file structure_37.tsv (TSV, N, CA and C atoms)
chain	number	residue	atom	x	y	z
G	1	MET	N	262.10	71.92	149.00
G	1	MET	CA	262.22	70.72	149.79
G	1	MET	C	263.39	70.92	150.75
G	2	ILE	N	263.14	70.63	152.00
G	2	ILE	CA	264.19	70.68	153.03
G	2	ILE	C	264.58	69.25	153.33
G	3	LEU	N	265.85	68.94	153.18
G	3	LEU	CA	266.36	67.58	153.34
G	3	LEU	C	267.26	67.52	154.56
G	4	SER	N	267.04	66.56	155.45
G	4	SER	CA	267.91	66.37	156.60
G	4	SER	C	268.66	65.05	156.43
G	5	TYR	N	269.82	64.97	157.04
G	5	TYR	CA	270.71	63.83	156.83
G	5	TYR	C	271.13	63.20	158.14
G	6	GLY	N	271.53	61.95	158.07
G	6	GLY	CA	272.05	61.23	159.22
G	6	GLY	C	272.86	60.05	158.73
G	7	SER	N	273.34	59.26	159.66
G	7	SER	CA	274.09	58.05	159.32
G	7	SER	C	273.49	56.89	160.10
G	8	GLN	N	273.87	55.68	159.74
G	8	GLN	CA	273.40	54.53	160.51
G	8	GLN	C	273.84	54.66	161.96
G	9	GLN	N	275.04	55.19	162.18
G	9	GLN	CA	275.53	55.41	163.54
G	9	GLN	C	274.59	56.36	164.30
G	10	ASP	N	274.10	57.40	163.62
G	10	ASP	CA	273.16	58.32	164.26
G	10	ASP	C	271.86	57.61	164.63
G	11	TYR	N	271.33	56.81	163.71
G	11	TYR	CA	270.10	56.06	163.98
G	11	TYR	C	270.31	55.10	165.16
G	12	ASP	N	271.48	54.43	165.19
G	12	ASP	CA	271.77	53.49	166.28
G	12	ASP	C	271.86	54.21	167.62
G	13	GLY	N	272.55	55.35	167.65
G	13	GLY	CA	272.67	56.12	168.89
G	13	GLY	C	271.32	56.60	169.38
G	14	LEU	N	270.47	57.01	168.45
G	14	LEU	CA	269.12	57.45	168.79
G	14	LEU	C	268.31	56.32	169.42
G	15	ALA	N	268.58	55.09	168.97
G	15	ALA	CA	267.89	53.91	169.51
G	15	ALA	C	268.56	53.37	170.76
G	16	GLY	N	269.63	54.04	171.24
G	16	GLY	CA	270.31	53.62	172.46
G	16	GLY	C	271.34	52.53	172.26
G	17	LYS	N	271.71	52.25	171.00
G	17	LYS	CA	272.69	51.21	170.72
G	17	LYS	C	274.11	51.76	170.85
G	18	GLU	N	275.05	50.88	171.12
G	18	GLU	CA	276.47	51.23	171.23
G	18	GLU	C	277.01	51.61	169.85
G	19	THR	N	277.66	52.78	169.76
G	19	THR	CA	278.20	53.24	168.48
G	19	THR	C	279.63	53.74	168.59
G	20	GLY	N	280.18	53.76	169.78
G	20	GLY	CA	281.48	54.38	169.98
G	20	GLY	C	281.34	55.85	170.37
G	21	LYS	N	280.15	56.37	170.27
G	21	LYS	CA	279.82	57.73	170.71
G	21	LYS	C	278.67	57.62	171.69
G	22	PRO	N	278.47	58.62	172.53
G	22	PRO	CA	277.38	58.51	173.51
G	22	PRO	C	276.02	58.32	172.85
G	23	ALA	N	275.25	57.36	173.38
G	23	ALA	CA	273.88	57.14	172.90
G	23	ALA	C	273.01	58.27	173.42
G	24	TRP	N	271.91	58.51	172.74
G	24	TRP	CA	270.94	59.51	173.19
G	24	TRP	C	270.31	59.03	174.49
G	25	THR	N	270.07	59.93	175.40
G	25	THR	CA	269.32	59.59	176.60
G	25	THR	C	267.83	59.67	176.29
G	26	ALA	N	267.02	59.09	177.16
G	26	ALA	CA	265.57	59.15	176.97
G	26	ALA	C	265.10	60.61	176.96
G	27	ALA	N	265.72	61.45	177.81
G	27	ALA	CA	265.34	62.87	177.85
G	27	ALA	C	265.71	63.57	176.55
G	28	GLU	N	266.85	63.24	175.96
G	28	GLU	CA	267.25	63.85	174.69
G	28	GLU	C	266.31	63.43	173.56
G	29	VAL	N	265.93	62.17	173.54
G	29	VAL	CA	264.99	61.70	172.51
G	29	VAL	C	263.65	62.42	172.68
G	30	ALA	N	263.17	62.51	173.92
G	30	ALA	CA	261.89	63.17	174.17
G	30	ALA	C	261.94	64.64	173.76
G	31	ALA	N	263.06	65.32	174.03
G	31	ALA	CA	263.19	66.73	173.65
G	31	ALA	C	263.21	66.89	172.14
G	32	MET	N	263.89	65.99	171.43
G	32	MET	CA	263.93	66.04	169.97
G	32	MET	C	262.55	65.79	169.38
G	33	VAL	N	261.85	64.80	169.89
G	33	VAL	CA	260.50	64.49	169.40
G	33	VAL	C	259.57	65.68	169.63
G	34	GLN	N	259.66	66.30	170.80
G	34	GLN	CA	258.82	67.46	171.09
G	34	GLN	C	259.15	68.63	170.16
G	35	PHE	N	260.44	68.86	169.92
G	35	PHE	CA	260.85	69.93	169.01
G	35	PHE	C	260.27	69.69	167.62
G	36	MET	N	260.43	68.47	167.11
G	36	MET	CA	259.94	68.17	165.76
G	36	MET	C	258.42	68.28	165.69
G	37	THR	N	257.73	67.84	166.73
G	37	THR	CA	256.27	67.97	166.77
G	37	THR	C	255.87	69.44	166.71
G	38	ASP	N	256.53	70.27	167.53
G	38	ASP	CA	256.23	71.71	167.54
G	38	ASP	C	256.61	72.36	166.22
G	39	PHE	N	257.75	71.98	165.66
G	39	PHE	CA	258.22	72.51	164.38
G	39	PHE	C	257.18	72.22	163.28
G	40	ASN	N	256.73	70.97	163.21
G	40	ASN	CA	255.76	70.58	162.19
G	40	ASN	C	254.41	71.25	162.43
G	41	THR	N	253.99	71.36	163.68
G	41	THR	CA	252.73	72.03	164.00
G	41	THR	C	252.77	73.49	163.57
G	42	GLY	N	253.89	74.16	163.82
G	42	GLY	CA	254.04	75.55	163.41
G	42	GLY	C	253.93	75.72	161.90
G	43	LEU	N	254.53	74.80	161.16
G	43	LEU	CA	254.45	74.85	159.69
G	43	LEU	C	253.03	74.56	159.20
G	44	GLU	N	252.35	73.62	159.88
G	44	GLU	CA	250.95	73.34	159.53
G	44	GLU	C	250.09	74.57	159.78
G	45	GLU	N	250.27	75.19	160.93
G	45	GLU	CA	249.45	76.36	161.30
G	45	GLU	C	249.70	77.55	160.38
G	46	SER	N	250.93	77.70	159.89
G	46	SER	CA	251.23	78.81	158.98
G	46	SER	C	250.77	78.51	157.55
G	47	GLY	N	250.37	77.26	157.30
G	47	GLY	CA	249.94	76.86	155.96
G	47	GLY	C	251.10	76.57	155.03
G	48	GLU	N	252.32	76.48	155.56
G	48	GLU	CA	253.50	76.27	154.72
G	48	GLU	C	253.87	74.80	154.53
G	49	LEU	N	253.39	73.92	155.41
G	49	LEU	CA	253.76	72.50	155.31
G	49	LEU	C	252.90	71.79	154.28
G	50	VAL	N	253.57	71.17	153.32
G	50	VAL	CA	252.88	70.35	152.32
G	50	VAL	C	252.97	68.89	152.75
G	51	GLU	N	254.16	68.45	153.13
G	51	GLU	CA	254.38	67.06	153.55
G	51	GLU	C	255.70	66.97	154.29
G	52	THR	N	255.78	66.05	155.22
G	52	THR	CA	257.03	65.75	155.90
G	52	THR	C	257.07	64.27	156.22
G	53	ARG	N	258.24	63.69	156.13
G	53	ARG	CA	258.43	62.27	156.46
G	53	ARG	C	259.84	62.05	156.97
G	54	GLY	N	259.95	61.17	157.94
G	54	GLY	CA	261.24	60.63	158.34
G	54	GLY	C	261.42	59.31	157.61
G	55	LEU	N	262.65	58.93	157.36
G	55	LEU	CA	262.92	57.70	156.64
G	55	LEU	C	263.46	56.63	157.58
G	56	ALA	N	263.23	55.37	157.24
G	56	ALA	CA	263.69	54.24	158.04
G	56	ALA	C	265.22	54.20	158.07
G	57	ASP	N	265.75	53.43	159.00
G	57	ASP	CA	267.20	53.29	159.15
G	57	ASP	C	267.87	52.94	157.82
G	58	PRO	N	269.08	53.45	157.59
G	58	PRO	CA	269.80	53.15	156.35
G	58	PRO	C	270.01	51.67	156.08
G	59	VAL	N	270.06	50.83	157.15
G	59	VAL	CA	270.23	49.39	156.91
G	59	VAL	C	269.05	48.79	156.17
G	60	HIS	N	267.95	49.51	156.10
G	60	HIS	CA	266.78	49.02	155.38
G	60	HIS	C	266.72	49.58	153.96
G	61	THR	N	267.83	50.13	153.49
G	61	THR	CA	267.90	50.73	152.17
G	61	THR	C	268.41	49.71	151.16
G	62	ARG	N	267.96	49.84	149.96
G	62	ARG	CA	268.45	49.02	148.86
G	62	ARG	C	268.72	49.94	147.69
G	63	ARG	N	269.92	49.88	147.12
G	63	ARG	CA	270.28	50.68	145.96
G	63	ARG	C	270.26	49.79	144.73
G	64	ILE	N	269.57	50.24	143.70
G	64	ILE	CA	269.45	49.51	142.44
G	64	ILE	C	270.09	50.35	141.36
G	65	GLY	N	270.90	49.76	140.53
G	65	GLY	CA	271.55	50.53	139.48
G	65	GLY	C	272.05	49.63	138.37
G	66	GLY	N	272.82	50.23	137.49
G	66	GLY	CA	273.35	49.49	136.36
G	66	GLY	C	272.29	49.33	135.29
G	67	LYS	N	272.71	48.83	134.20
G	67	LYS	CA	271.79	48.64	133.07
G	67	LYS	C	270.67	47.69	133.48
G	68	ASP	N	269.46	48.12	133.31
G	68	ASP	CA	268.27	47.33	133.63
G	68	ASP	C	268.22	46.91	135.10
G	69	GLY	N	268.81	47.73	136.00
G	69	GLY	CA	268.77	47.39	137.42
G	69	GLY	C	269.56	46.13	137.73
G	70	ALA	N	270.69	45.94	137.04
G	70	ALA	CA	271.45	44.71	137.13
G	70	ALA	C	272.11	44.48	138.48
G	71	PHE	N	272.35	45.53	139.24
G	71	PHE	CA	272.93	45.27	140.56
G	71	PHE	C	272.08	45.88	141.65
G	72	VAL	N	272.07	45.20	142.77
G	72	VAL	CA	271.32	45.63	143.94
G	72	VAL	C	272.28	45.56	145.12
G	73	THR	N	272.35	46.64	145.90
G	73	THR	CA	273.21	46.69	147.06
G	73	THR	C	272.36	47.05	148.26
G	74	ASP	N	272.47	46.27	149.34
G	74	ASP	CA	271.77	46.61	150.57
G	74	ASP	C	272.58	47.63	151.33
G	75	GLY	N	271.89	48.54	152.03
G	75	GLY	CA	272.56	49.59	152.80
G	75	GLY	C	272.98	49.08	154.16
G	76	PRO	N	273.71	49.87	154.93
G	76	PRO	CA	274.24	51.17	154.53
G	76	PRO	C	275.43	51.00	153.60
G	77	TYR	N	275.82	52.07	152.95
G	77	TYR	CA	276.82	52.00	151.91
G	77	TYR	C	278.18	52.44	152.42
G	78	ALA	N	279.20	51.65	152.11
G	78	ALA	CA	280.55	51.96	152.55
G	78	ALA	C	281.06	53.27	151.96
G	79	GLU	N	280.61	53.63	150.77
G	79	GLU	CA	281.14	54.82	150.10
G	79	GLU	C	280.64	56.13	150.71
G	80	THR	N	279.63	56.07	151.55
G	80	THR	CA	279.14	57.28	152.20
G	80	THR	C	278.51	56.92	153.53
G	81	GLN	N	278.69	57.80	154.52
G	81	GLN	CA	278.03	57.58	155.80
G	81	GLN	C	276.72	58.35	155.87
G	82	GLU	N	276.70	59.53	155.30
G	82	GLU	CA	275.51	60.37	155.38
G	82	GLU	C	274.47	59.93	154.37
G	83	VAL	N	273.26	59.79	154.83
G	83	VAL	CA	272.15	59.43	153.97
G	83	VAL	C	270.97	60.33	154.30
G	84	LEU	N	270.03	60.41	153.39
G	84	LEU	CA	268.83	61.19	153.62
G	84	LEU	C	268.07	60.57	154.79
G	85	ALA	N	267.77	61.37	155.80
G	85	ALA	CA	267.07	60.89	157.00
G	85	ALA	C	265.59	61.27	156.98
G	86	GLY	N	265.28	62.38	156.34
G	86	GLY	CA	263.90	62.83	156.30
G	86	GLY	C	263.78	64.08	155.45
G	87	TYR	N	262.55	64.52	155.25
G	87	TYR	CA	262.34	65.70	154.41
G	87	TYR	C	261.07	66.42	154.80
G	88	TRP	N	261.03	67.67	154.41
G	88	TRP	CA	259.84	68.51	154.52
G	88	TRP	C	259.63	69.14	153.15
G	89	ILE	N	258.43	69.12	152.66
G	89	ILE	CA	258.08	69.89	151.48
G	89	ILE	C	257.26	71.06	152.00
G	90	VAL	N	257.76	72.25	151.74
G	90	VAL	CA	257.08	73.46	152.20
G	90	VAL	C	256.71	74.30	151.00
G	91	GLU	N	255.62	74.99	151.12
G	91	GLU	CA	255.21	75.95	150.10
G	91	GLU	C	255.17	77.29	150.80
G	92	CYS	N	256.12	78.15	150.43
G	92	CYS	CA	256.24	79.43	151.12
G	92	CYS	C	256.58	80.53	150.12
G	93	GLU	N	256.68	81.73	150.62
G	93	GLU	CA	256.78	82.90	149.75
G	93	GLU	C	258.08	83.00	148.96
G	94	SER	N	259.17	82.38	149.46
G	94	SER	CA	260.45	82.55	148.77
G	94	SER	C	261.45	81.48	149.19
G	95	PHE	N	262.52	81.40	148.43
G	95	PHE	CA	263.64	80.52	148.76
G	95	PHE	C	264.26	80.96	150.09
G	96	ASP	N	264.31	82.27	150.31
G	96	ASP	CA	264.84	82.78	151.58
G	96	ASP	C	263.99	82.31	152.76
G	97	ARG	N	262.67	82.30	152.60
G	97	ARG	CA	261.79	81.83	153.67
G	97	ARG	C	262.03	80.34	153.92
G	98	ALA	N	262.19	79.55	152.88
G	98	ALA	CA	262.49	78.12	153.06
G	98	ALA	C	263.82	77.94	153.80
G	99	THR	N	264.78	78.81	153.50
G	99	THR	CA	266.07	78.76	154.19
G	99	THR	C	265.89	79.11	155.67
G	100	GLU	N	265.06	80.09	155.98
G	100	GLU	CA	264.77	80.43	157.38
G	100	GLU	C	264.14	79.25	158.11
G	101	ILE	N	263.22	78.58	157.45
G	101	ILE	CA	262.57	77.42	158.06
G	101	ILE	C	263.61	76.34	158.35
G	102	ALA	N	264.45	76.04	157.38
G	102	ALA	CA	265.47	75.01	157.56
G	102	ALA	C	266.46	75.40	158.66
G	103	ALA	N	266.81	76.66	158.75
G	103	ALA	CA	267.75	77.12	159.77
G	103	ALA	C	267.20	76.87	161.17
G	104	HIS	N	265.88	76.91	161.31
G	104	HIS	CA	265.26	76.67	162.61
G	104	HIS	C	265.53	75.24	163.10
G	105	LEU	N	265.79	74.31	162.18
G	105	LEU	CA	266.11	72.93	162.56
G	105	LEU	C	267.39	72.87	163.39
G	106	GLY	N	268.27	73.86	163.24
G	106	GLY	CA	269.50	73.91	164.03
G	106	GLY	C	269.25	74.08	165.51
G	107	LYS	N	268.03	74.43	165.90
G	107	LYS	CA	267.67	74.56	167.31
G	107	LYS	C	267.16	73.25	167.90
G	108	CYS	N	267.10	72.20	167.10
G	108	CYS	CA	266.61	70.92	167.58
G	108	CYS	C	267.56	70.36	168.64
G	109	PRO	N	267.03	70.02	169.82
G	109	PRO	CA	267.89	69.44	170.86
G	109	PRO	C	268.52	68.13	170.39
G	110	ALA	N	269.80	67.98	170.67
G	110	ALA	CA	270.53	66.76	170.30
G	110	ALA	C	271.83	66.74	171.09
G	111	PRO	N	272.42	65.55	171.27
G	111	PRO	CA	273.75	65.49	171.89
G	111	PRO	C	274.73	66.32	171.06
G	112	ALA	N	275.72	66.90	171.73
G	112	ALA	CA	276.67	67.82	171.06
G	112	ALA	C	277.32	67.20	169.83
G	113	HIS	N	277.70	65.93	169.90
G	113	HIS	CA	278.39	65.32	168.75
G	113	HIS	C	277.46	65.20	167.54
G	114	ILE	N	276.16	65.28	167.74
G	114	ILE	CA	275.21	65.28	166.63
G	114	ILE	C	274.93	66.71	166.19
G	115	ALA	N	274.59	67.56	167.16
G	115	ALA	CA	274.21	68.95	166.86
G	115	ALA	C	275.32	69.72	166.16
G	116	ASP	N	276.56	69.45	166.52
G	116	ASP	CA	277.69	70.21	165.96
G	116	ASP	C	277.92	69.93	164.48
G	117	THR	N	277.44	68.81	163.99
G	117	THR	CA	277.69	68.46	162.58
G	117	THR	C	276.41	68.32	161.76
G	118	ALA	N	275.25	68.57	162.36
G	118	ALA	CA	273.99	68.42	161.65
G	118	ALA	C	273.82	69.50	160.58
G	119	TYR	N	273.16	69.16	159.51
G	119	TYR	CA	272.88	70.13	158.45
G	119	TYR	C	271.65	69.71	157.69
G	120	ALA	N	271.11	70.63	156.96
G	120	ALA	CA	269.97	70.37	156.08
G	120	ALA	C	270.23	71.09	154.76
G	121	ASP	N	269.69	70.56	153.70
G	121	ASP	CA	269.76	71.20	152.39
G	121	ASP	C	268.38	71.75	152.04
G	122	VAL	N	268.35	72.86	151.34
G	122	VAL	CA	267.12	73.42	150.82
G	122	VAL	C	267.25	73.40	149.30
G	123	ARG	N	266.32	72.73	148.63
G	123	ARG	CA	266.35	72.64	147.17
G	123	ARG	C	264.97	72.91	146.62
G	124	PRO	N	264.89	73.80	145.65
G	124	PRO	CA	263.60	74.01	145.00
G	124	PRO	C	263.17	72.74	144.25
G	125	ILE	N	261.89	72.53	144.21
G	125	ILE	CA	261.34	71.41	143.43
G	125	ILE	C	261.02	71.96	142.04
G	126	ALA	N	261.54	71.29	141.03
G	126	ALA	CA	261.30	71.74	139.67
G	126	ALA	C	259.83	71.53	139.32
G	127	GLU	N	259.21	72.58	138.82
G	127	GLU	CA	257.79	72.51	138.46
G	127	GLU	C	257.59	71.95	137.07
G	128	ALA	N	258.63	71.98	136.26
G	128	ALA	CA	258.55	71.50	134.89
G	128	ALA	C	259.93	70.99	134.50
G	129	PRO	N	259.99	70.07	133.53
G	129	PRO	CA	261.30	69.60	133.09
G	129	PRO	C	262.09	70.74	132.45
G	130	PRO	N	263.42	70.68	132.58
G	130	PRO	CA	264.22	71.75	131.96
G	130	PRO	C	264.11	71.69	130.43
G	131	GLU	N	264.30	72.83	129.83
G	131	GLU	CA	264.28	72.90	128.37
G	131	GLU	C	265.70	72.73	127.88
G	132	PHE	N	265.91	71.79	126.99
G	132	PHE	CA	267.24	71.56	126.41
G	132	PHE	C	267.21	72.02	124.96
G	133	GLY	N	268.33	72.47	124.51
G	133	GLY	CA	268.36	72.77	123.10
G	133	GLY	C	268.98	74.03	122.84

call {"tool": "encode", "arguments": {"input": "structure_37.tsv", "output": "C-alpha cells"}}
result
Amino acid sequence: MILSYGSQQDYDGLAGKETGKPAWTAAEVAAMVQFMTDFNTGLEESGELVETRGLADPVHTRRIGGKDGAFVTDGPYAETQEVLAGYWIVECESFDRATEIAAHLGKCPAPAHIADTAYADVRPIAEAPPEFG
C-alpha cells in the first residue's frame, strides 16, 4: 500500500483558499490532475493497480476512541497536521518495485512549498494475522 499525506492547509490551498502560503493556480491543479491520471493509467496498464482513492478534506474526519467509542473528535486534529490524503494498493513483483512506484509520485507537479515536503509511505499489507506465542 502506498500512502500519501497532506494537511487541511494543503487541501485549502488546492481549493484556492487563503492559507498564509500561496494557493495553487488553476494551471498547477490541472497539471497535478493530469499527472495523477497518467500515473494511475500507467499502473492500470501494467496490471499493478488494485485500487486507489483520494480522501476527503481532514475537516470531514471524525476520530472515535476510548472504551466503547466513548469519545468522538471532529477533525482536523490539533495534535497533528499531516493526515492520510489518499492511497494506492498495488500488486507488484517486490517491495522494491512498490518503492519505485511511490518514488514516481515525487514527480507530481505542485507548488514548491508543497513539493519540497511531500512524501509517501510504502507498507506491505499483511496477508494473515501475525502469530503470537

call {"tool": "select_by_dssp", "arguments": {"input": "structure_37.tsv", "residues": "region 28-86 of chain G", "states": "strand (DSSP E or B)", "output": "ChimeraX atom specification"}}
result
/G:49-54,62-65,71-74,83-86

call {"tool": "axis_aligned_box", "arguments": {"input": "structure_37.tsv", "around": "region 55-62 of chain G", "padding_each_side": "8 Å", "output": "JSON"}}
result
{"center_x": 266.4, "center_y": 53.9, "center_z": 153.4, "size_x": 23.6, "size_y": 26.1, "size_z": 27.5}

call {"tool": "closest_residue", "arguments": {"input": "structure_37.tsv", "among": "G:Ala110, G:Val90, G:Val83, G:Val122", "to": "Gly47 (chain G)", "atoms": "all atoms listed in the file"}}
result
G:Val90

call {"tool": "closest_atom_pairs", "arguments": {"input": "structure_37.tsv", "of": "region 23-126 of chain G", "to": "region 8-17 of chain G", "cutoff": "8 Å", "atoms": "all atoms listed in the file", "output": "Markdown table"}}
result
| residue | atom | partner | partner_atom | distance |
| --- | --- | --- | --- | --- |
| G:Ala23 | CA | G:Gly13 | CA | 4.3 |
| G:Trp24 | N | G:Gly13 | C | 3.9 |
| G:Thr25 | N | G:Gly16 | CA | 7.0 |
| G:Ala26 | N | G:Gly16 | CA | 7.9 |
| G:Val29 | CA | G:Leu14 | CA | 7.0 |
| G:Ala56 | C | G:Tyr11 | CA | 7.9 |
| G:Asp57 | CA | G:Tyr11 | CA | 6.3 |
| G:Pro58 | N | G:Gln8 | CA | 5.3 |
| G:Val59 | N | G:Gln8 | CA | 6.0 |
| G:Pro76 | CA | G:Gln8 | N | 6.9 |
| G:Tyr77 | N | G:Gln8 | N | 7.9 |
| G:Thr80 | C | G:Gln8 | N | 7.9 |
| G:Gln81 | C | G:Gln8 | N | 5.5 |
| G:Glu82 | N | G:Gln8 | N | 6.5 |
| G:Val83 | N | G:Gln8 | N | 6.4 |
| G:Ile114 | CA | G:Asp10 | CA | 7.6 |

call {"tool": "atom_distance", "arguments": {"input": "structure_37.tsv", "atom1": "CA of Ala115 (chain G)", "atom2": "CA of Cys92 (chain G)"}}
result
26.1 Å

call {"tool": "closest_atom_pairs", "arguments": {"input": "structure_37.tsv", "of": "region 79-104 of chain G", "to": "region 40-43 of chain G", "cutoff": "12 Å", "atoms": "only C-alpha atoms", "output": "Markdown table"}}
result
| residue | atom | partner | partner_atom | distance |
| --- | --- | --- | --- | --- |
| G:Tyr87 | CA | G:Asn40 | CA | 11.3 |
| G:Trp88 | CA | G:Asn40 | CA | 8.9 |
| G:Ile89 | CA | G:Leu43 | CA | 10.3 |
| G:Val90 | CA | G:Leu43 | CA | 8.1 |
| G:Glu91 | CA | G:Leu43 | CA | 9.7 |
| G:Cys92 | CA | G:Leu43 | CA | 9.9 |
| G:Arg97 | CA | G:Leu43 | CA | 11.8 |
| G:Ala98 | CA | G:Leu43 | CA | 10.9 |
| G:Glu100 | CA | G:Leu43 | CA | 12.0 |
| G:Ile101 | CA | G:Leu43 | CA | 8.7 |
| G:Ala102 | CA | G:Leu43 | CA | 11.2 |
| G:His104 | CA | G:Asn40 | CA | 11.3 |

call {"tool": "atom_distance", "arguments": {"input": "structure_37.tsv", "atom1": "CA of Gly54 (chain G)", "atom2": "CA of Gly20 (chain G)"}}
result
24.2 Å

call {"tool": "select_by_dssp", "arguments": {"input": "structure_37.tsv", "residues": "region 12-131 of chain G", "states": "helix (DSSP H, G or I)", "output": "PyMOL selection string"}}
result
chain G and resi 12-14+26-46+58-60+67-69+95-107+112-115

call {"tool": "closest_residue", "arguments": {"input": "structure_37.tsv", "among": "G:Asp116, G:Glu51, G:Asp121, G:Glu93", "to": "Tyr5 (chain G)", "atoms": "all atoms listed in the file"}}
result
G:Asp121

call {"tool": "atom_distance", "arguments": {"input": "structure_37.tsv", "atom1": "atom N of Thr37 (chain G)", "atom2": "atom N of Ala126 (chain G)"}}
result
26.2 Å

call {"tool": "residues_around", "arguments": {"input": "structure_37.tsv", "residues": "Val72 (chain G)", "least_positions_apart": "5", "cutoff": "7 Å", "atoms": "only C-alpha atoms", "output": "ChimeraX atom specification"}}
result
/G:62-65

call {"tool": "closest_residue", "arguments": {"input": "structure_37.tsv", "among": "G:Ala112, G:Leu55, G:Ala120, G:Val33", "to": "Ile2 (chain G)", "atoms": "only N, CA and C atoms"}}
result
G:Ala120
